[in-house]
$ cat data.txt   # compact mmCIF, N, CA and C atoms and all ligand atoms
# COMPACT_ATOMS: atom_id res chain seq x y z
N MET G 17 77.89 38.55 -1.71
CA MET G 17 76.76 39.07 -2.47
C MET G 17 75.84 39.84 -1.54
N SER G 18 75.39 40.91 -2.01
CA SER G 18 74.37 41.64 -1.26
C SER G 18 73.14 40.75 -1.15
N LYS G 19 72.56 40.68 0.03
CA LYS G 19 71.39 39.80 0.19
C LYS G 19 70.20 40.32 -0.61
N ASP G 20 70.28 41.53 -1.08
CA ASP G 20 69.18 42.08 -1.87
C ASP G 20 69.28 41.74 -3.36
N LEU G 21 70.41 41.16 -3.76
CA LEU G 21 70.59 40.82 -5.18
C LEU G 21 70.24 39.36 -5.42
N LYS G 22 69.44 39.12 -6.44
CA LYS G 22 69.12 37.75 -6.82
C LYS G 22 70.27 37.17 -7.61
N LEU G 23 70.35 35.82 -7.69
CA LEU G 23 71.47 35.24 -8.38
C LEU G 23 71.49 35.61 -9.86
N CYS G 24 72.67 35.44 -10.42
CA CYS G 24 72.85 35.84 -11.81
C CYS G 24 71.88 35.06 -12.70
N PRO G 25 71.08 35.75 -13.50
CA PRO G 25 70.12 35.07 -14.36
C PRO G 25 70.79 34.32 -15.51
N PHE G 26 72.06 34.58 -15.73
CA PHE G 26 72.77 33.94 -16.85
C PHE G 26 73.54 32.71 -16.42
N CYS G 27 74.18 32.76 -15.25
CA CYS G 27 75.01 31.62 -14.84
C CYS G 27 74.66 31.09 -13.46
N GLY G 28 73.78 31.77 -12.74
CA GLY G 28 73.38 31.29 -11.42
C GLY G 28 74.34 31.67 -10.31
N GLU G 29 75.32 32.44 -10.64
CA GLU G 29 76.34 32.84 -9.66
C GLU G 29 75.72 33.68 -8.53
N THR G 30 76.31 33.51 -7.33
CA THR G 30 75.86 34.32 -6.19
C THR G 30 76.87 35.40 -5.84
N ARG G 31 78.08 35.30 -6.42
CA ARG G 31 79.09 36.33 -6.11
C ARG G 31 78.84 37.52 -7.03
N LEU G 32 78.12 38.45 -6.48
CA LEU G 32 77.74 39.65 -7.22
C LEU G 32 78.19 40.86 -6.45
N THR G 33 78.46 41.91 -7.16
CA THR G 33 78.85 43.12 -6.47
C THR G 33 78.24 44.33 -7.18
N ILE G 34 78.02 45.35 -6.39
CA ILE G 34 77.58 46.62 -6.97
C ILE G 34 78.84 47.47 -7.12
N GLU G 35 79.20 47.73 -8.35
CA GLU G 35 80.36 48.59 -8.61
C GLU G 35 79.87 50.02 -8.80
N ASP G 36 80.37 50.85 -7.98
CA ASP G 36 79.96 52.26 -8.03
C ASP G 36 81.19 53.10 -8.37
N LYS G 37 81.29 53.46 -9.62
CA LYS G 37 82.45 54.24 -10.09
C LYS G 37 82.05 55.71 -10.14
N GLN G 38 82.27 56.34 -9.02
CA GLN G 38 81.88 57.75 -8.91
C GLN G 38 82.58 58.61 -9.97
N ASP G 39 83.88 58.29 -10.20
CA ASP G 39 84.64 59.12 -11.15
C ASP G 39 84.12 58.96 -12.58
N ALA G 40 83.69 57.75 -12.91
CA ALA G 40 83.16 57.52 -14.25
C ALA G 40 81.64 57.78 -14.29
N ARG G 41 81.11 58.14 -13.16
CA ARG G 41 79.67 58.37 -13.03
C ARG G 41 78.88 57.15 -13.51
N ASP G 42 79.39 55.97 -13.13
CA ASP G 42 78.78 54.70 -13.55
C ASP G 42 78.51 53.85 -12.31
N VAL G 43 77.37 53.22 -12.28
CA VAL G 43 77.06 52.27 -11.23
C VAL G 43 76.33 51.09 -11.87
N HIS G 44 76.77 49.89 -11.48
CA HIS G 44 76.12 48.71 -12.03
C HIS G 44 76.35 47.51 -11.13
N VAL G 45 75.54 46.46 -11.31
CA VAL G 45 75.75 45.19 -10.65
C VAL G 45 76.58 44.35 -11.59
N LEU G 46 77.59 43.68 -11.03
CA LEU G 46 78.48 42.85 -11.84
C LEU G 46 78.50 41.43 -11.29
N CYS G 47 78.35 40.45 -12.18
CA CYS G 47 78.51 39.04 -11.81
C CYS G 47 79.99 38.73 -11.88
N LYS G 48 80.55 38.24 -10.77
CA LYS G 48 81.99 37.98 -10.73
C LYS G 48 82.37 36.72 -11.50
N ASP G 49 81.41 35.93 -11.86
CA ASP G 49 81.72 34.71 -12.61
C ASP G 49 81.66 34.94 -14.12
N CYS G 50 80.51 35.35 -14.62
CA CYS G 50 80.36 35.45 -16.09
C CYS G 50 80.51 36.87 -16.61
N GLY G 51 80.58 37.82 -15.72
CA GLY G 51 80.79 39.20 -16.16
C GLY G 51 79.53 39.94 -16.58
N ALA G 52 78.39 39.29 -16.43
CA ALA G 52 77.14 39.99 -16.77
C ALA G 52 76.99 41.20 -15.86
N LYS G 53 76.47 42.26 -16.43
CA LYS G 53 76.24 43.44 -15.60
C LYS G 53 75.05 44.23 -16.12
N THR G 54 74.50 45.01 -15.23
CA THR G 54 73.41 45.88 -15.65
C THR G 54 73.97 47.00 -16.51
N SER G 55 73.16 47.45 -17.42
CA SER G 55 73.60 48.58 -18.24
C SER G 55 73.43 49.86 -17.43
N PHE G 56 74.13 50.86 -17.82
CA PHE G 56 74.02 52.14 -17.13
C PHE G 56 73.50 53.16 -18.11
N ASP G 57 72.37 53.72 -17.78
CA ASP G 57 71.76 54.66 -18.71
C ASP G 57 71.95 56.10 -18.28
N GLY G 58 72.93 56.31 -17.38
CA GLY G 58 73.23 57.67 -16.97
C GLY G 58 72.45 58.14 -15.76
N ILE G 59 71.53 57.31 -15.31
CA ILE G 59 70.73 57.69 -14.14
C ILE G 59 71.07 56.74 -13.00
N ARG G 60 71.41 57.27 -11.87
CA ARG G 60 71.83 56.46 -10.74
C ARG G 60 70.61 56.10 -9.89
N TYR G 61 69.87 55.15 -10.29
CA TYR G 61 68.72 54.76 -9.49
C TYR G 61 68.62 53.24 -9.42
N ASP G 62 68.22 52.75 -8.29
CA ASP G 62 67.82 51.37 -8.05
C ASP G 62 68.55 50.34 -8.90
N VAL G 63 69.86 50.33 -8.80
CA VAL G 63 70.64 49.39 -9.61
C VAL G 63 70.32 47.94 -9.22
N ALA G 64 70.09 47.70 -7.92
CA ALA G 64 69.74 46.33 -7.48
C ALA G 64 68.39 45.91 -8.07
N GLY G 65 67.45 46.82 -8.09
CA GLY G 65 66.13 46.51 -8.66
C GLY G 65 66.22 46.19 -10.14
N ARG G 66 67.08 46.95 -10.83
CA ARG G 66 67.23 46.69 -12.27
C ARG G 66 67.90 45.34 -12.52
N TRP G 67 68.81 44.95 -11.63
CA TRP G 67 69.45 43.63 -11.74
C TRP G 67 68.42 42.53 -11.46
N ASN G 68 67.68 42.69 -10.38
CA ASN G 68 66.76 41.64 -9.95
C ASN G 68 65.64 41.38 -10.94
N ILE G 69 65.25 42.38 -11.69
CA ILE G 69 64.16 42.19 -12.64
C ILE G 69 64.57 41.20 -13.73
N ARG G 70 65.86 41.05 -13.96
CA ARG G 70 66.32 40.08 -14.97
C ARG G 70 65.94 38.67 -14.61
N SER G 71 65.99 38.35 -13.29
CA SER G 71 65.59 37.01 -12.87
C SER G 71 64.13 36.76 -13.18
N VAL G 72 63.32 37.77 -12.97
CA VAL G 72 61.90 37.65 -13.26
C VAL G 72 61.69 37.47 -14.77
N GLU G 73 62.39 38.28 -15.55
CA GLU G 73 62.26 38.17 -17.00
C GLU G 73 62.66 36.78 -17.48
N ARG G 74 63.74 36.26 -16.93
CA ARG G 74 64.22 34.95 -17.34
C ARG G 74 63.20 33.87 -16.97
N ALA G 75 62.66 33.97 -15.76
CA ALA G 75 61.65 32.99 -15.33
C ALA G 75 60.42 33.08 -16.23
N LEU G 76 60.02 34.30 -16.59
CA LEU G 76 58.86 34.47 -17.46
C LEU G 76 59.13 33.90 -18.85
N LYS G 77 60.33 34.17 -19.38
CA LYS G 77 60.67 33.64 -20.70
C LYS G 77 60.68 32.11 -20.68
N ARG G 78 61.18 31.52 -19.58
CA ARG G 78 61.20 30.06 -19.46
C ARG G 78 59.76 29.54 -19.45
N ARG G 79 58.90 30.21 -18.69
CA ARG G 79 57.50 29.77 -18.60
C ARG G 79 56.79 29.92 -19.94
N ILE G 80 57.08 31.01 -20.65
CA ILE G 80 56.48 31.22 -21.97
C ILE G 80 56.90 30.08 -22.91
N LYS G 81 58.17 29.71 -22.84
CA LYS G 81 58.65 28.60 -23.68
C LYS G 81 57.92 27.31 -23.35
N GLU G 82 57.74 27.05 -22.04
CA GLU G 82 57.02 25.84 -21.63
C GLU G 82 55.59 25.85 -22.17
N LEU G 83 54.94 26.99 -22.05
CA LEU G 83 53.55 27.08 -22.50
C LEU G 83 53.43 26.98 -24.01
N GLU G 84 54.41 27.58 -24.73
CA GLU G 84 54.40 27.47 -26.18
C GLU G 84 54.59 26.02 -26.62
N ALA G 85 55.46 25.30 -25.90
CA ALA G 85 55.67 23.89 -26.23
C ALA G 85 54.41 23.07 -25.96
N GLU G 86 53.75 23.38 -24.84
CA GLU G 86 52.50 22.69 -24.52
C GLU G 86 51.43 23.00 -25.55
N ASN G 87 51.36 24.26 -25.94
CA ASN G 87 50.38 24.69 -26.94
C ASN G 87 50.63 23.94 -28.26
N LYS G 88 51.89 23.82 -28.64
CA LYS G 88 52.25 23.11 -29.88
C LYS G 88 51.81 21.64 -29.80
N ARG G 89 52.07 21.01 -28.64
CA ARG G 89 51.65 19.62 -28.47
C ARG G 89 50.14 19.49 -28.60
N LEU G 90 49.41 20.42 -27.99
CA LEU G 90 47.95 20.35 -28.05
C LEU G 90 47.45 20.57 -29.47
N ARG G 91 48.09 21.52 -30.18
CA ARG G 91 47.67 21.77 -31.57
C ARG G 91 47.92 20.54 -32.44
N GLU G 92 49.03 19.87 -32.20
CA GLU G 92 49.33 18.67 -32.99
C GLU G 92 48.39 17.53 -32.63
N ALA G 93 47.92 17.54 -31.37
CA ALA G 93 47.02 16.48 -30.94
C ALA G 93 45.62 16.66 -31.53
N PHE G 94 45.30 17.91 -31.93
CA PHE G 94 43.97 18.18 -32.44
C PHE G 94 43.96 18.85 -33.81
N PRO G 95 44.72 18.33 -34.76
CA PRO G 95 44.75 19.01 -36.05
C PRO G 95 43.40 19.04 -36.74
N LYS G 96 42.63 18.00 -36.61
CA LYS G 96 41.34 17.96 -37.28
C LYS G 96 40.31 18.77 -36.53
N TRP G 97 40.43 18.81 -35.20
CA TRP G 97 39.53 19.60 -34.38
C TRP G 97 39.63 21.06 -34.79
N GLN G 98 40.85 21.54 -35.00
CA GLN G 98 41.07 22.94 -35.34
C GLN G 98 40.39 23.32 -36.64
N SER G 99 40.49 22.45 -37.62
CA SER G 99 39.96 22.80 -38.93
C SER G 99 38.46 22.57 -39.01
N GLY G 100 37.90 21.90 -38.04
CA GLY G 100 36.48 21.62 -38.06
C GLY G 100 36.14 20.37 -38.84
N GLU G 101 37.15 19.80 -39.52
CA GLU G 101 36.92 18.56 -40.25
C GLU G 101 36.78 17.42 -39.24
N GLU G 102 36.14 16.38 -39.66
CA GLU G 102 36.08 15.17 -38.85
C GLU G 102 35.37 15.39 -37.52
N LEU G 103 34.58 16.45 -37.42
CA LEU G 103 33.92 16.71 -36.14
C LEU G 103 32.97 15.58 -35.75
N PRO G 104 32.14 15.10 -36.69
CA PRO G 104 31.26 13.99 -36.30
C PRO G 104 32.05 12.78 -35.82
N GLU G 105 33.19 12.53 -36.45
CA GLU G 105 34.01 11.40 -36.01
C GLU G 105 34.48 11.63 -34.58
N LEU G 106 34.87 12.86 -34.33
CA LEU G 106 35.32 13.23 -32.99
C LEU G 106 34.20 13.02 -31.98
N MET G 107 33.02 13.45 -32.34
CA MET G 107 31.89 13.31 -31.44
C MET G 107 31.57 11.85 -31.21
N GLY G 108 31.69 11.06 -32.26
CA GLY G 108 31.45 9.63 -32.11
C GLY G 108 32.41 9.03 -31.11
N GLU G 109 33.63 9.48 -31.18
CA GLU G 109 34.63 8.98 -30.24
C GLU G 109 34.29 9.43 -28.82
N MET G 110 33.84 10.66 -28.71
CA MET G 110 33.47 11.17 -27.39
C MET G 110 32.32 10.38 -26.80
N ILE G 111 31.35 10.08 -27.64
CA ILE G 111 30.19 9.31 -27.17
C ILE G 111 30.65 7.94 -26.69
N LEU G 112 31.59 7.37 -27.44
CA LEU G 112 32.12 6.07 -27.04
C LEU G 112 32.78 6.18 -25.67
N ILE G 113 33.58 7.24 -25.51
CA ILE G 113 34.26 7.45 -24.23
C ILE G 113 33.23 7.63 -23.12
N GLU G 114 32.21 8.42 -23.40
CA GLU G 114 31.17 8.63 -22.39
C GLU G 114 30.48 7.32 -22.04
N THR G 115 30.33 6.50 -23.06
CA THR G 115 29.71 5.21 -22.83
C THR G 115 30.55 4.39 -21.86
N ILE G 116 31.85 4.46 -22.09
CA ILE G 116 32.74 3.68 -21.24
C ILE G 116 32.78 4.27 -19.83
N THR G 117 32.89 5.60 -19.76
CA THR G 117 33.11 6.21 -18.45
C THR G 117 31.81 6.53 -17.70
N GLY G 118 30.75 6.78 -18.45
CA GLY G 118 29.54 7.23 -17.77
C GLY G 118 28.40 6.24 -17.82
N GLY G 119 28.59 5.15 -18.48
CA GLY G 119 27.55 4.14 -18.53
C GLY G 119 26.42 4.46 -19.49
N TYR G 120 26.63 5.45 -20.40
CA TYR G 120 25.58 5.75 -21.38
C TYR G 120 25.55 4.68 -22.46
N ARG G 121 24.41 4.57 -23.08
CA ARG G 121 24.32 3.66 -24.25
C ARG G 121 24.83 4.43 -25.45
N THR G 122 25.45 3.72 -26.37
CA THR G 122 25.98 4.38 -27.55
C THR G 122 24.85 4.85 -28.47
N GLY G 123 25.15 5.82 -29.31
CA GLY G 123 24.13 6.35 -30.21
C GLY G 123 24.77 7.11 -31.34
N SER G 124 24.02 7.98 -31.98
CA SER G 124 24.54 8.73 -33.11
C SER G 124 24.59 10.22 -32.78
N PHE G 125 25.51 10.90 -33.41
CA PHE G 125 25.69 12.32 -33.21
C PHE G 125 24.43 13.08 -33.65
N SER G 126 23.95 14.00 -32.82
CA SER G 126 22.74 14.75 -33.14
C SER G 126 23.03 16.21 -33.43
N GLY G 127 23.90 16.83 -32.64
CA GLY G 127 24.20 18.24 -32.88
C GLY G 127 24.93 18.85 -31.71
N ILE G 128 25.29 20.10 -31.92
CA ILE G 128 25.98 20.83 -30.87
C ILE G 128 25.08 21.96 -30.41
N HIS G 129 24.79 22.02 -29.14
CA HIS G 129 23.98 23.09 -28.56
C HIS G 129 24.82 24.35 -28.48
N SER G 130 24.16 25.52 -28.47
CA SER G 130 24.90 26.78 -28.41
C SER G 130 25.74 26.91 -27.14
N SER G 131 25.42 26.15 -26.12
CA SER G 131 26.20 26.17 -24.89
C SER G 131 27.51 25.40 -25.04
N GLY G 132 27.63 24.67 -26.17
CA GLY G 132 28.82 23.84 -26.38
C GLY G 132 28.54 22.39 -26.04
N ALA G 133 27.37 22.10 -25.50
CA ALA G 133 27.02 20.72 -25.17
C ALA G 133 26.80 19.92 -26.46
N ILE G 134 27.16 18.66 -26.41
CA ILE G 134 26.98 17.76 -27.55
C ILE G 134 25.72 16.93 -27.31
N ARG G 135 24.90 16.88 -28.33
CA ARG G 135 23.68 16.08 -28.22
C ARG G 135 23.82 14.85 -29.11
N TYR G 136 23.31 13.72 -28.60
CA TYR G 136 23.34 12.51 -29.40
C TYR G 136 22.11 11.66 -29.11
N ASN G 137 21.79 10.84 -30.09
CA ASN G 137 20.61 9.99 -29.97
C ASN G 137 21.04 8.59 -29.55
N THR G 138 20.37 8.08 -28.56
CA THR G 138 20.68 6.72 -28.13
C THR G 138 19.92 5.74 -29.02
N PHE G 139 20.30 4.48 -28.94
CA PHE G 139 19.65 3.47 -29.76
C PHE G 139 18.21 3.25 -29.37
N ASP G 140 17.88 3.61 -28.12
CA ASP G 140 16.49 3.42 -27.71
C ASP G 140 15.64 4.68 -27.90
N GLY G 141 16.15 5.61 -28.76
CA GLY G 141 15.34 6.74 -29.17
C GLY G 141 15.40 7.98 -28.28
N LEU G 142 16.24 7.95 -27.26
CA LEU G 142 16.37 9.12 -26.40
C LEU G 142 17.47 10.05 -26.93
N THR G 143 17.35 11.33 -26.61
CA THR G 143 18.42 12.27 -26.93
C THR G 143 19.14 12.60 -25.63
N ARG G 144 20.42 12.41 -25.66
CA ARG G 144 21.22 12.69 -24.46
C ARG G 144 22.19 13.83 -24.76
N THR G 145 22.71 14.39 -23.68
CA THR G 145 23.60 15.54 -23.81
C THR G 145 24.90 15.27 -23.07
N ILE G 146 26.01 15.65 -23.71
CA ILE G 146 27.30 15.62 -23.03
C ILE G 146 27.66 17.07 -22.75
N TYR G 147 27.81 17.41 -21.50
CA TYR G 147 28.03 18.81 -21.11
C TYR G 147 29.48 19.24 -21.29
N PRO G 148 29.68 20.54 -21.48
CA PRO G 148 31.04 21.05 -21.73
C PRO G 148 32.10 20.59 -20.73
N ALA G 149 31.74 20.46 -19.44
CA ALA G 149 32.74 20.03 -18.46
C ALA G 149 33.26 18.64 -18.80
N ASN G 150 32.34 17.77 -19.26
CA ASN G 150 32.77 16.41 -19.64
C ASN G 150 33.57 16.43 -20.93
N ILE G 151 33.18 17.34 -21.83
CA ILE G 151 33.94 17.47 -23.08
C ILE G 151 35.36 17.94 -22.76
N ALA G 152 35.47 18.90 -21.86
CA ALA G 152 36.79 19.41 -21.46
C ALA G 152 37.61 18.29 -20.84
N ARG G 153 36.97 17.50 -19.99
CA ARG G 153 37.69 16.38 -19.36
C ARG G 153 38.17 15.41 -20.43
N TRP G 154 37.29 15.11 -21.36
CA TRP G 154 37.66 14.20 -22.44
C TRP G 154 38.82 14.77 -23.26
N ALA G 155 38.72 16.08 -23.59
CA ALA G 155 39.77 16.71 -24.39
C ALA G 155 41.11 16.70 -23.64
N TYR G 156 41.02 16.90 -22.34
CA TYR G 156 42.24 16.90 -21.53
C TYR G 156 42.91 15.53 -21.59
N ILE G 157 42.11 14.49 -21.42
CA ILE G 157 42.65 13.13 -21.47
C ILE G 157 43.27 12.85 -22.84
N LYS G 158 42.57 13.29 -23.89
CA LYS G 158 43.09 13.08 -25.24
C LYS G 158 44.39 13.85 -25.46
N ALA G 159 44.44 15.07 -24.92
CA ALA G 159 45.65 15.90 -25.08
C ALA G 159 46.84 15.23 -24.40
N LEU G 160 46.61 14.69 -23.23
CA LEU G 160 47.70 14.02 -22.52
C LEU G 160 48.18 12.83 -23.31
N LYS G 161 47.24 12.08 -23.89
CA LYS G 161 47.63 10.93 -24.72
C LYS G 161 48.39 11.41 -25.94
N GLY G 162 47.92 12.50 -26.54
CA GLY G 162 48.58 13.05 -27.72
C GLY G 162 49.97 13.55 -27.39
N ALA G 163 50.15 13.98 -26.16
CA ALA G 163 51.45 14.49 -25.73
C ALA G 163 52.34 13.36 -25.23
N GLY G 164 51.85 12.14 -25.32
CA GLY G 164 52.65 10.99 -24.95
C GLY G 164 52.67 10.70 -23.47
N GLU G 165 51.74 11.26 -22.73
CA GLU G 165 51.70 11.00 -21.28
C GLU G 165 50.68 9.93 -20.95
ZN ZN R 1 76.80 35.33 -14.12

$ encode --input "data.txt" --output "structure tokens"
Amino acid sequence: MSKDLKLCPFCGETRLTIEDKQDARDVHVLCKDCGAKTSFDGIRYDVAGRWNIRSVERALKRRIKELEAENKRLREAFPKWQSGEELPELMGEMILIETITGGYRTGSFSGIHSSGAIRYNTFDGLTRTIYPANIARWAYIKALKGAGE
């Protein structure tokens, strides 16, 4: 295999060759195992580069699939969050979590600040705020649980 050619994106083979058929005016990279080859569009340029880009495309497609699967898991973990229903219930749960993790006293949902911060009233009459970073942390933990981790 030419050291400039990446392995076959279809079968992982390393035995690759550049076939240059001058008489047929065709040049392409050929995988000796599965027969995959670059197409020839009539222009003799950078055949190795055109072959190697397939590995990148395959890696990108794999990553897109991973991200789509993760996105699906997150959407399923937050069906009510998406619709906006049950938001007070969600906030109540967050306050409980904050109580456990941050030592706050429990209270009732008060509102959402334009910054995204959640405000709640404690039992002793104070208004406290849960900042977006903590909300994100909480959501992350919930997402992992929803994803079965
Ligand atoms: Zn192959």

$ atom_distance --input "data.txt" --atom1 "CA of Lys37 in chain G" --atom2 "atom C of Asn68 in chain G"
21.2 Å

$ residues_near_point --input "data.txt" --point "(78.5, 42.5, -10.3)" --cutoff "6.5 Å" --atoms "only N, CA and C atoms" --output "tab-separated table (two decimals) with N, CA and C atoms, keeping the file's coordinate frame"
chain	number	residue	atom	x	y	z
G	31	ARG	N	78.08	35.30	-6.42
G	31	ARG	CA	79.09	36.33	-6.11
G	31	ARG	C	78.84	37.52	-7.03
G	32	LEU	N	78.12	38.45	-6.48
G	32	LEU	CA	77.74	39.65	-7.22
G	32	LEU	C	78.19	40.86	-6.45
G	33	THR	N	78.46	41.91	-7.16
G	33	THR	CA	78.85	43.12	-6.47
G	33	THR	C	78.24	44.33	-7.18
G	34	ILE	N	78.02	45.35	-6.39
G	34	ILE	CA	77.58	46.62	-6.97
G	34	ILE	C	78.84	47.47	-7.12
G	35	GLU	N	79.20	47.73	-8.35
G	35	GLU	CA	80.36	48.59	-8.61
G	35	GLU	C	79.87	50.02	-8.80
G	44	HIS	N	76.77	49.89	-11.48
G	44	HIS	CA	76.12	48.71	-12.03
G	44	HIS	C	76.35	47.51	-11.13
G	45	VAL	N	75.54	46.46	-11.31
G	45	VAL	CA	75.75	45.19	-10.65
G	45	VAL	C	76.58	44.35	-11.59
G	46	LEU	N	77.59	43.68	-11.03
G	46	LEU	CA	78.48	42.85	-11.84
G	46	LEU	C	78.50	41.43	-11.29
G	47	CYS	N	78.35	40.45	-12.18
G	47	CYS	CA	78.51	39.04	-11.81
G	47	CYS	C	79.99	38.73	-11.88
G	48	LYS	N	80.55	38.24	-10.77
G	48	LYS	CA	81.99	37.98	-10.73
G	48	LYS	C	82.37	36.72	-11.50
G	52	ALA	N	78.39	39.29	-16.43
G	52	ALA	CA	77.14	39.99	-16.77
G	52	ALA	C	76.99	41.20	-15.86
G	53	LYS	N	76.47	42.26	-16.43
G	53	LYS	CA	76.24	43.44	-15.60
G	53	LYS	C	75.05	44.23	-16.12

$ residues_near_ligand --input "data.txt" --ligand "ligand ZN 1 (chain R)" --cutoff "7 Å" --atoms "all atoms listed in the file" --output "PyMOL selection string"
chain G and resi 23-29+46-52

$ atom_distance --input "data.txt" --atom1 "CA of Thr54 in chain G" --atom2 "CA of Leu21 in chain G"
12.0 Å

$ atom_distance --input "data.txt" --atom1 "CA of Phe56 in chain G" --atom2 "atom N of Ile69 in chain G"
14.2 Å
